[in-house]
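Visitor: Pasting in a structure now, in structure tokens, and then I'll have a few things to ask.
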Amino acid sequence: MGAARQLMHLPRCQVAGRAAGTRMGTWPDEPFPGGGVPGRRGRKPRIRERADATDHGVLQGTAMAAKGGWIMHAEERDGPGGHVPVMLDRVLEILGPALAAPGAVCVDANLGLGGHAEALLAAHPGLRLIGIDRDPAAIERSTGRLAPYARRATLVRAVSDELPEVLARLGVDEVHGALFDLGVSSPQLDEAARGFAYSYDAPLDMRMDPGQELTAESVVNSYSEGELTRILRDYGEERFAARVARSLVRERAAVPITTTKRLAEIVRAAIPAATRRTGGNPAKRTFQALRIEVNGELIALERALPAALDALAVGGRVVVLSYHSLEDRLAKQVLVARTRDTSPPGLPVPLPAHRPWFRLLTRGAELPDEDELARNPRAASARLRAAERIRERE
Ligand SMILES: C[S@@+](CC[C@H](N)C(=O)[O-])C[C@H]1O[C@@H](n2cnc3c(N)ncnc32)[C@H](O)[C@@H]1O
């Protein structure tokens, strides 16, 4: 509890926790040219050209194949529960024109199970992919899945907003595609012990990076009532944020709240009975809010998306898949701001220097179609936005 209280006084980005620092792995025979810049806040990203098969979060060099590090099982390829990348055809269609040329580079800022990454590598034989994920288990799974593309893929354990440091370390000046498939992955939700799901009883954890300090348990048991109210209202869009926060503070005074089941029960009891009967599990919004807080999700997106846009070459394209209105609103704001002419109002003609840097490739947010929803109900909340750079970077 003491440690968690101290965390509350740190800036948000540190509260969200950056446990292990950036880690990268490249195949020794065909690496990106190395850079060597220090990581943010003076941290030097941890680079290993080779790693043994047990070192999570680092790609394994070709020599490791013999040790069995790359052996793929069918269920791993599809992912637990038959993971299907969301809006895959549309992602391929939009990014395709930007990635066709040999040597094109695409950043997948949310590698997850590597589903989108695998399809992009398969579709573009000249493509080099940089895959980023903060979850070491995601890096490990994708390392297996992407083994057939080992020479063209570099997987990095990092938070997406460390993108500028990652690119600098790899000696990459510009990229031609960037993909953000935000939020949690199927294994994170399905592995009960990770504490993301209200449908299982598990320790209140919710960390994407298990090495970071802040957990959902520390948020629930140490944040003030006011802070809890703000998080539930802003990140969960919970109408009854103040009531839920009050209940949490009352209940934790008796016994600390340490499990998903107890949290879900307290939230349920705090929501008025009439509302409880509508709109699914009443704990859903609280769990979403805590997850966003624990992982600093919106803060990371707020920095990572502009960084990706800055790195795009002319003709380069970005796709953002978001899963709740806060993410989608943020993606929209960032993309729309770059597609505006910024000439001062009232001028007879727009100033050339103020022309937009990007054009939108989607009209509003696109949704998955009926077929996809029938195959993959988890795609239901997906919203896709995309843009293309149309002017040289300065
Ligand atoms: C929806 S999944 C991606 C699924 C992936 N596109 C696929 O096809 O398998 C989201 C992934 O992004 C990761 N993630 C979420 N926020 C992140 C961040 N700020 N930095 C790095 N990884 C992040 C999560 O750990 C998770 O593995």
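We name chains A, B, ... following the order of the structure tokens; residues begin at 1 in each chain, and ligands are numbered from 1 as shown.
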Give one line per residue of chain A that approaches ligand 1 to at most 6 Å, naming the two atoms of the closest pair and their distance in Å to one decimal, counting only C-alpha atoms and all ligand atoms; sort by chain then ascending residue number and deliver it as CSV.
Guide:
residue,atom,partner,partner_atom_place_in_ligand_line,distance
A:Pro85,CA,ligand 1,8 (O),4.2
A:Asn110,CA,ligand 1,12 (O),3.7
A:Leu111,CA,ligand 1,5 (C),4.9
A:Gly112,CA,ligand 1,27 (O),3.3
A:Leu113,CA,ligand 1,9 (O),3.4
A:Gly114,CA,ligand 1,9 (O),4.1
A:Gly115,CA,ligand 1,8 (O),3.3
A:His116,CA,ligand 1,8 (O),4.1
A:Ile132,CA,ligand 1,21 (C),5.8
A:Asp133,CA,ligand 1,22 (N),3.6
A:Arg134,CA,ligand 1,21 (C),4.2
A:Asp135,CA,ligand 1,25 (O),4.7
A:Ala138,CA,ligand 1,27 (O),5.4
A:Ala158,CA,ligand 1,21 (C),5.8
A:Val159,CA,ligand 1,20 (N),3.5
A:Ser160,CA,ligand 1,20 (N),3.7
A:Asp181,CA,ligand 1,6 (N),5.1
A:Leu182,CA,ligand 1,10 (C),5.0
A:Gly183,CA,ligand 1,10 (C),4.9
A:Val184,CA,ligand 1,10 (C),4.6
A:Ser185,CA,ligand 1,2 (S),3.8
A:Met208,CA,ligand 1,25 (O),5.1
A:Glu297,CA,ligand 1,19 (N),5.6
A:Ala300,CA,ligand 1,19 (N),4.9
Visitor: Taking 4 positions as the minimum chain separation for residues in the same chain, which residues sit within 8 Å of range 178-180 of chain A when counting only C-alpha atoms? Answer as a ChimeraX atom specification.
Guide: /A:106-110,308,312,317-322
Visitor: So which residues touch Ile139 in chain A within 7 Å, counting only C-alpha atoms, skipping near sequence neighbours fewer than 3 positions away, as a ChimeraX atom specification?
Guide: /A:57,133,135-136,142-143,155,157
Visitor: Can I get the selection written as a short mmCIF file (atom, residue, chain, number, x, y, z; two decimals), in the first residue's frame, with N, CA and C atoms?
Guide:
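Generated output (again_38.cif):
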data_model
loop_
_atom_site.label_atom_id
_atom_site.label_comp_id
_atom_site.auth_asym_id
_atom_site.auth_seq_id
_atom_site.Cartn_x
_atom_site.Cartn_y
_atom_site.Cartn_z
N GLY A 57 10.43 -11.79 -24.65
CA GLY A 57 10.49 -10.42 -25.09
C GLY A 57 11.65 -10.13 -26.02
N ASP A 133 5.36 -4.55 -28.66
CA ASP A 133 4.35 -4.87 -27.64
C ASP A 133 5.02 -4.74 -26.27
N ASP A 135 3.91 -6.40 -23.68
CA ASP A 135 3.67 -7.65 -22.95
C ASP A 135 4.68 -8.70 -23.42
N PRO A 136 5.55 -9.18 -22.53
CA PRO A 136 6.55 -10.16 -22.97
C PRO A 136 5.92 -11.43 -23.53
N SER A 142 4.46 -14.12 -30.67
CA SER A 142 4.66 -13.63 -32.04
C SER A 142 5.98 -14.11 -32.60
N THR A 143 6.96 -14.27 -31.74
CA THR A 143 8.26 -14.77 -32.20
C THR A 143 8.08 -16.13 -32.87
N LEU A 155 11.12 -7.69 -33.57
CA LEU A 155 10.12 -7.55 -32.52
C LEU A 155 10.76 -6.89 -31.31
N ARG A 157 10.19 -5.37 -27.37
CA ARG A 157 9.36 -5.20 -26.17
C ARG A 157 9.52 -3.76 -25.70
#
Visitor: Write out as a list in words the residues lying within 7 Å of range 388-392 of chain A, counting only C-alpha atoms and excluding same-chain residues fewer than 2 positions away.
Guide: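 Counting only C-alpha atoms, the residues come to Leu312, Ala313, Val314, Gly315, Gly316, Arg317, Val318, Trp357, Phe358, Arg359, Leu360, Leu361 and Glu394 of chain A.
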Visitor: If we count only C-alpha atoms and set the cut-off at 6 Å, which residues sit around Ala153 in chain A, ignoring sequence neighbours fewer than 5 positions away in its own chain? Please answer as a ChimeraX atom specification.
Guide: /A:128-130
Visitor: Can those selected residues be exported to a file as a CSV table (one decimal), in the first residue's frame so that it contains N, CA and C atoms?
Guide:
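Wrote selection_3.csv, looks like this:
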chain,number,residue,atom,x,y,z
A,128,ARG,N,9.7,-5.0,-44.5
A,128,ARG,CA,10.3,-5.2,-43.2
A,128,ARG,C,9.3,-4.7,-42.1
A,129,LEU,N,9.1,-5.5,-41.1
A,129,LEU,CA,8.1,-5.2,-40.1
A,129,LEU,C,8.8,-5.0,-38.7
A,130,ILE,N,8.4,-3.9,-38.1
A,130,ILE,CA,8.9,-3.7,-36.7
A,130,ILE,C,7.7,-3.9,-35.8
Visitor: Please provide the set of residues having any atom within 10 Å of Pro272 in chain A, restricted to only C-alpha atoms, with same-chain residues fewer than 4 positions apart removed, written as a PDB file with N, CA and C atoms, in the first residue's frame.
Guide:
ATOM      1  N   PHE A 240     -22.445   6.091 -12.689  1.00  0.00           N
ATOM      2  CA  PHE A 240     -22.502   6.042 -11.225  1.00  0.00           C
ATOM      3  C   PHE A 240     -21.106   6.012 -10.607  1.00  0.00           C
ATOM      4  N   ARG A 243     -20.802   6.855  -6.883  1.00  0.00           N
ATOM      5  CA  ARG A 243     -21.367   5.799  -6.015  1.00  0.00           C
ATOM      6  C   ARG A 243     -20.420   4.613  -5.934  1.00  0.00           C
ATOM      7  N   ARG A 268     -21.367  -4.193  -8.601  1.00  0.00           N
ATOM      8  CA  ARG A 268     -22.758  -4.596  -8.848  1.00  0.00           C
ATOM      9  C   ARG A 268     -23.686  -4.057  -7.775  1.00  0.00           C
ATOM     10  N   ARG A 276     -28.907  -2.128 -13.278  1.00  0.00           N
ATOM     11  CA  ARG A 276     -28.234  -3.431 -13.287  1.00  0.00           C
ATOM     12  C   ARG A 276     -28.861  -4.391 -14.297  1.00  0.00           C
ATOM     13  N   ARG A 277     -30.170  -4.215 -14.507  1.00  0.00           N
ATOM     14  CA  ARG A 277     -30.879  -5.167 -15.371  1.00  0.00           C
ATOM     15  C   ARG A 277     -30.651  -4.873 -16.856  1.00  0.00           C
ATOM     16  N   PRO A 282     -22.600  -5.044 -15.004  1.00  0.00           N
ATOM     17  CA  PRO A 282     -22.377  -3.683 -14.500  1.00  0.00           C
ATOM     18  C   PRO A 282     -20.910  -3.394 -14.177  1.00  0.00           C
TER      19      PRO A 282
END
Visitor: Of the residues A:Met206, A:Ile257, A:Tyr198, A:Ser325, which is the one nearest to Ser222 in chain A, using only C-alpha atoms?
Guide: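 Smallest separation from Ser222 in chain A among the options: A:Ile257.
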Visitor: One decimal, in Å: what's the spacing between CA of Tyr223 in chain A and CA of Ile292 in chain A?
Guide: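 About the pair CA of Tyr223 in chain A and CA of Ile292 in chain A: they are 14.6 Å apart.
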Visitor: Can you work out the spacing between CA of Glu93 in chain A and CA of Ala117 in chain A in Å, to one decimal?
Guide: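 According to the coordinates, CA of Glu93 in chain A and CA of Ala117 in chain A are separated by 13.8 Å.
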Visitor: May I have all residues of range 82-253 of chain A that DSSP, computed from the backbone, assigns to helix (DSSP H, G or I), given as a PyMOL selection string?
Guide: chain A and resi 88-99+115-123+136-145+147-152+160-170+186-190+192-194+216-222+225-236+241-253
Visitor: From a backbone DSSP assignment, name each residue in range 105-258 of chain A labelled strand (DSSP E or B), as a list in words.
Guide: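 Answer for range 105-258 of chain A, restricted to strand (DSSP E or B): Val105, Cys106, Val107, Asp108, Arg128, Leu129, Ile130, Gly131, Ile132, Asp133, Ala153, Thr154, Leu155, Val156, Arg157, Val175, His176, Gly177, Ala178, Leu179, Phe180, Asp181 and Pro203 of chain A.
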Visitor: Would you mind exporting the chosen residues as a tab-separated table (two decimals), in the first residue's frame, restricted to C-alpha atoms?
Guide:
chain	number	residue	atom	x	y	z
A	105	VAL	CA	8.98	-0.56	-43.44
A	106	CYS	CA	5.83	-1.00	-41.37
A	107	VAL	CA	5.50	-0.54	-37.62
A	108	ASP	CA	2.93	-2.66	-35.84
A	128	ARG	CA	10.30	-5.20	-43.18
A	129	LEU	CA	8.15	-5.16	-40.08
A	130	ILE	CA	8.89	-3.69	-36.67
A	131	GLY	CA	6.51	-5.18	-34.12
A	132	ILE	CA	6.12	-3.54	-30.71
A	133	ASP	CA	4.35	-4.87	-27.64
A	153	ALA	CA	10.70	-8.91	-38.74
A	154	THR	CA	12.12	-7.16	-35.71
A	155	LEU	CA	10.12	-7.55	-32.52
A	156	VAL	CA	10.63	-5.11	-29.71
A	157	ARG	CA	9.36	-5.20	-26.17
A	175	VAL	CA	8.37	4.23	-42.19
A	176	HIS	CA	5.76	3.53	-44.86
A	177	GLY	CA	3.04	2.04	-42.71
A	178	ALA	CA	1.93	2.12	-39.09
A	179	LEU	CA	-0.74	0.02	-37.46
A	180	PHE	CA	-2.35	0.56	-34.07
A	181	ASP	CA	-4.64	-2.26	-32.93
A	203	PRO	CA	-5.99	-11.48	-8.36
Visitor: Have a look at CA of Arg393 in chain A and CA of Ala307 in chain A and let me know their distance in Å, one decimal.
Guide: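 Interatomic distance here is 12.3 Å.
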Visitor: Let me make sure I understand: among A:Gln188, A:Leu121, A:Phe196, A:Asp161, which one has the smallest atom-to-atom distance to Leu298 in chain A if we use only C-alpha atoms?
Guide: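 Using only C-alpha atoms, Leu298 in chain A sits closest to A:Asp161.
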Visitor: Have a look at A:Leu228, A:Asp328, A:Gly346, A:Ala150 and name the one nearest to Ala382 in chain A; count only C-alpha atoms.
Guide: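 With only C-alpha atoms as the atom set, the closest residue is A:Asp328.
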Visitor: Closest to Leu384 in chain A among A:Ile299, A:Val91, A:Ala264, A:Ala137, using only C-alpha atoms?
Guide: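 Selected residue with least distance to Leu384 in chain A: A:Val91.
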